[in-house]
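The block underneath contains the structure these notes are about, expressed in structure tokens.
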Amino acid sequence: MRAALPRRTRTGPRGRQGACTRPRHPGLRHGRPPDPVPSPGSRTVRHRALPRRSNRSGDRPTSPLTLGPCSHATADASVLLDDLADRDRYPHRDEVVAYLTAYADRSDAEIRTGCRVSAVRRTGAGFEVELDGGDRLSARAVVAASGTFGRPHRPALPGLEEFTGQVLHAADYRSPAPFTGRRVVVVGAGNSAVQIAVELAETARVTLATRGPVKFVAQRVLGRDLHFWLTRTGLDTAPLGRFLSRPPAQPVLDDGRYRAALAAGQPELRPLFTGAGGTKLVWPDGQREEVDAIVLATGYRPDLPYLARLDGALDAEGDPRHREGLATNVPGLAFVGLEWQRSLSSNSLRGVGRDAERIAWRLAAPLARR
């Protein structure tokens with residue numbers, strides 16, 4: 001692996017305010033609920049620049065119906081995989097933060113947090129990675145491991161640009177309190193859309209607007225959580241990603257509440273609106289209705305603008321061009337944490353370790369021959 005380790009060139013100032021640091025507790029970005037966590041691997045790289053993230057323990061998760069906040073006092077920084085391997089519950093946020101902290105502490109890699117990569121460029125020997133603070137790192141290989149959920153996806157919806165009411169993405173949703181008594185439309189048919197719509201319906205008048213039917217799958221099967229069966233049957237790691245031209249829609253995990261809530265009309269379920277003007281939406285039946293707010297629970301995309309200077313690394317929409325994590329047009333560039341990169345679990349903590357090990361070997365082999 002020595003041939004794959006990047007060499008460092010330091011050209012930027014050190015010690016300035018905002019310089020990269022390694023805090024005690026790496027931040028955790030909220031989004032989908034964390035999956036059961038893999039054991040720490042032994043393969044590392046020498047330089048990793050991690051993006052800026054909130055570092056506050058005990059913050060309320062973005063998905064409050066599936067993750068419960070807890071105080072930092074309940075999370076021991078020495079917690080490891082065995083303590084989080086209960087597949088019949090989702091770990092609390094602070095448990096995952098503590099796990100990641102322990103993972104970092106056990107690694108011999110140099111880890112920089114509070115950094116933002118501004119650009120990656122091709123050089124004769126490999127790549128130059130430029131950080132916002134001015135530092136530059138040189139490497140023979142680069143792995144973009146920032147995953148799938150960095151950029152909230154805001155699709156083009158009919159009339160949305162003409163709508164003058166409040167529009168926010170699910171990434172910015174925190175609680176139903178600001179929407180009490182208001183008329184709200186939630187757009188989407190996935191887990192976040194259904195969870196947010198059901199929660200809002202307790203205090204607001206809510207419609208869940210979708211392009212297609214909402215599909216459910218039971219959270220528990222034969223007394224065990226669905227993730228237990230995905231792992232036990234091997235479906236979690238089956239290399240099916242190579243056969244998919246695009247990731248399939250994910251069904252809503254239902255513990256009994258969500259299907260029942262939609263059946264009871266709390267929230268109301270309607271086809272997506274066909275237009276908008278001012279504070280009114282136009283429904284497919286021609287009805288025009290005043291709406292206070294639209295919540296876009298329309299998913300996420302990889303956030304990789306720093307790769308824009310690598311010709312062929314990204315497609316026209318900014319998504320990575322790759323095959324099972326290896327860039328198809330840029331030798332030495334790879335990705336980790338993408339949705340269906342190789343398997344169902346590729347974009348989760350329980351699956352990313354397997355993909356990372358495979359990527360490390362595939363990058364190291366050609367470098368060792370140089």
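To be explicit about the labels: the chains of the structure tokens are called A, B, and onward in the order shown, and within each one the residues are counted from 1, while ligands get numbers from 1 in the order they are shown.
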**Asked** Tell me, which residues of stretch 80-250 of chain A carry DSSP strand (DSSP E or B), written as number ranges by chain?
**Response** A: 110-113, 117-122, 127-131, 136-139, 142-144, 151-152, 163, 166-169, 183-187, 205-210, 216-218, 220-221, 224-225
**Message:** Taking 4 positions as the minimum chain separation for residues in the same chain, which residues sit within 6 Å of stretch 297-313 of chain A when counting only C-alpha atoms? Answer as a ChimeraX atom specification.
**Reply:** /A:118-120,148-153,170,187-188,193,320-321,329
**Message:** Using Å and a single decimal, report how far atom CA of A:Pro284 sits from atom CA of A:Val167.
**Reply:** 20.3 Å
**Request:** State, in Å with one decimal place, the distance from atom CA of A:Gly133 to atom CA of A:Thr113.
**Result:**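 These atoms are spaced 12.1 Å apart.
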**Prompt:** Got a sec to tell me which of stretch 198-308 of chain A DSSP assigns to alpha helix (DSSP H), as an NGL selection string?
**Reply:** :A and (198-200 or 226-233 or 257-263)
Take the residues that were just selected and, keeping N, CA, C and O atoms, output them as a PDB file, in the first residue's frame.
```pdb
ATOM      1  N   VAL A 198     -46.453  12.881   8.130  1.00  0.00           N
ATOM      2  CA  VAL A 198     -47.230  12.321   9.239  1.00  0.00           C
ATOM      3  C   VAL A 198     -47.024  13.147  10.505  1.00  0.00           C
ATOM      4  O   VAL A 198     -47.976  13.431  11.245  1.00  0.00           O
ATOM      5  N   GLU A 199     -45.800  13.569  10.760  1.00  0.00           N
ATOM      6  CA  GLU A 199     -45.550  14.384  11.954  1.00  0.00           C
ATOM      7  C   GLU A 199     -46.243  15.741  11.848  1.00  0.00           C
ATOM      8  O   GLU A 199     -46.873  16.211  12.802  1.00  0.00           O
ATOM      9  N   LEU A 200     -46.144  16.385  10.687  1.00  0.00           N
ATOM     10  CA  LEU A 200     -46.774  17.691  10.504  1.00  0.00           C
ATOM     11  C   LEU A 200     -48.290  17.612  10.621  1.00  0.00           C
ATOM     12  O   LEU A 200     -48.941  18.561  11.087  1.00  0.00           O
ATOM     13  N   LEU A 226     -35.984  -5.405   9.757  1.00  0.00           N
ATOM     14  CA  LEU A 226     -35.697  -5.741   8.366  1.00  0.00           C
ATOM     15  C   LEU A 226     -34.199  -5.802   8.090  1.00  0.00           C
ATOM     16  O   LEU A 226     -33.728  -6.650   7.319  1.00  0.00           O
ATOM     17  N   HIS A 227     -33.415  -4.915   8.728  1.00  0.00           N
ATOM     18  CA  HIS A 227     -31.975  -4.907   8.485  1.00  0.00           C
ATOM     19  C   HIS A 227     -31.318  -6.216   8.936  1.00  0.00           C
ATOM     20  O   HIS A 227     -30.304  -6.630   8.372  1.00  0.00           O
ATOM     21  N   PHE A 228     -31.882  -6.851   9.952  1.00  0.00           N
ATOM     22  CA  PHE A 228     -31.372  -8.149  10.378  1.00  0.00           C
ATOM     23  C   PHE A 228     -31.488  -9.156   9.239  1.00  0.00           C
ATOM     24  O   PHE A 228     -30.549  -9.900   8.941  1.00  0.00           O
ATOM     25  N   TRP A 229     -32.644  -9.175   8.576  1.00  0.00           N
ATOM     26  CA  TRP A 229     -32.859 -10.139   7.502  1.00  0.00           C
ATOM     27  C   TRP A 229     -32.049  -9.791   6.257  1.00  0.00           C
ATOM     28  O   TRP A 229     -31.578 -10.692   5.550  1.00  0.00           O
ATOM     29  N   LEU A 230     -31.869  -8.509   5.982  1.00  0.00           N
ATOM     30  CA  LEU A 230     -31.032  -8.119   4.847  1.00  0.00           C
ATOM     31  C   LEU A 230     -29.605  -8.620   5.032  1.00  0.00           C
ATOM     32  O   LEU A 230     -28.954  -9.085   4.091  1.00  0.00           O
ATOM     33  N   THR A 231     -29.117  -8.519   6.271  1.00  0.00           N
ATOM     34  CA  THR A 231     -27.768  -8.996   6.562  1.00  0.00           C
ATOM     35  C   THR A 231     -27.704 -10.518   6.549  1.00  0.00           C
ATOM     36  O   THR A 231     -26.794 -11.115   5.965  1.00  0.00           O
ATOM     37  N   ARG A 232     -28.679 -11.170   7.189  1.00  0.00           N
ATOM     38  CA  ARG A 232     -28.670 -12.628   7.306  1.00  0.00           C
ATOM     39  C   ARG A 232     -28.779 -13.307   5.937  1.00  0.00           C
ATOM     40  O   ARG A 232     -28.150 -14.343   5.701  1.00  0.00           O
ATOM     41  N   THR A 233     -29.569 -12.739   5.027  1.00  0.00           N
ATOM     42  CA  THR A 233     -29.769 -13.360   3.717  1.00  0.00           C
ATOM     43  C   THR A 233     -28.687 -12.997   2.707  1.00  0.00           C
ATOM     44  O   THR A 233     -28.617 -13.594   1.634  1.00  0.00           O
ATOM     45  N   ARG A 257     -47.330   2.737  11.804  1.00  0.00           N
ATOM     46  CA  ARG A 257     -47.914   4.072  11.925  1.00  0.00           C
ATOM     47  C   ARG A 257     -48.177   4.732  10.586  1.00  0.00           C
ATOM     48  O   ARG A 257     -49.210   5.386  10.390  1.00  0.00           O
ATOM     49  N   TYR A 258     -47.253   4.599   9.653  1.00  0.00           N
ATOM     50  CA  TYR A 258     -47.290   5.438   8.461  1.00  0.00           C
ATOM     51  C   TYR A 258     -48.367   5.011   7.469  1.00  0.00           C
ATOM     52  O   TYR A 258     -49.115   5.837   6.944  1.00  0.00           O
ATOM     53  N   ARG A 259     -48.465   3.727   7.196  1.00  0.00           N
ATOM     54  CA  ARG A 259     -49.518   3.256   6.297  1.00  0.00           C
ATOM     55  C   ARG A 259     -50.896   3.585   6.883  1.00  0.00           C
ATOM     56  O   ARG A 259     -51.810   4.018   6.174  1.00  0.00           O
ATOM     57  N   ALA A 260     -51.032   3.397   8.202  1.00  0.00           N
ATOM     58  CA  ALA A 260     -52.310   3.681   8.860  1.00  0.00           C
ATOM     59  C   ALA A 260     -52.643   5.165   8.799  1.00  0.00           C
ATOM     60  O   ALA A 260     -53.800   5.553   8.595  1.00  0.00           O
ATOM     61  N   ALA A 261     -51.638   6.020   8.972  1.00  0.00           N
ATOM     62  CA  ALA A 261     -51.876   7.460   8.937  1.00  0.00           C
ATOM     63  C   ALA A 261     -52.347   7.903   7.557  1.00  0.00           C
ATOM     64  O   ALA A 261     -53.284   8.704   7.429  1.00  0.00           O
ATOM     65  N   LEU A 262     -51.711   7.381   6.502  1.00  0.00           N
ATOM     66  CA  LEU A 262     -52.133   7.745   5.148  1.00  0.00           C
ATOM     67  C   LEU A 262     -53.535   7.212   4.853  1.00  0.00           C
ATOM     68  O   LEU A 262     -54.347   7.886   4.208  1.00  0.00           O
ATOM     69  N   ALA A 263     -53.836   6.013   5.327  1.00  0.00           N
ATOM     70  CA  ALA A 263     -55.164   5.444   5.113  1.00  0.00           C
ATOM     71  C   ALA A 263     -56.240   6.277   5.798  1.00  0.00           C
ATOM     72  O   ALA A 263     -57.381   6.370   5.320  1.00  0.00           O
TER      73      ALA A 263
END
```
**Item:** Shell around stretch 208-217 of chain A at 6 Å using only C-alpha atoms, local window under 4 positions removed, as a PyMOL selection string
**Value:** chain A and resi 185-189+251-254+269-272
**Request:** Fewer than 6 positions away in the same chain doesn't count, so skip those; otherwise give me all residues within 12 Å of A:Leu338, counting only C-alpha atoms, as a PyMOL selection string.
**Result:** chain A and resi 143-150+241+246-247+300-304+319-326+344-349+351-352+355-356
**Message:** Can you measure atom CA of A:Phe179 to atom CA of A:Arg205 for me? One decimal in Å is fine.
**Reply:**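 Atom CA of A:Arg205 lies at a distance of 9.2 Å from atom CA of A:Phe179.
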**Message:** Restricting the calculation to only C-alpha atoms: of A:Ser192, A:Gln341, A:Thr203, A:Thr274, which residue gets closest to A:Pro176?
**Reply:**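 Looking only at the distances to A:Pro176, the closest residue turns out to be A:Thr203.
Closest to A:Ser138 among A:Ala249, A:Ala316, A:Ala125, A:Ala109 is A:Ala125, based on only C-alpha atoms.
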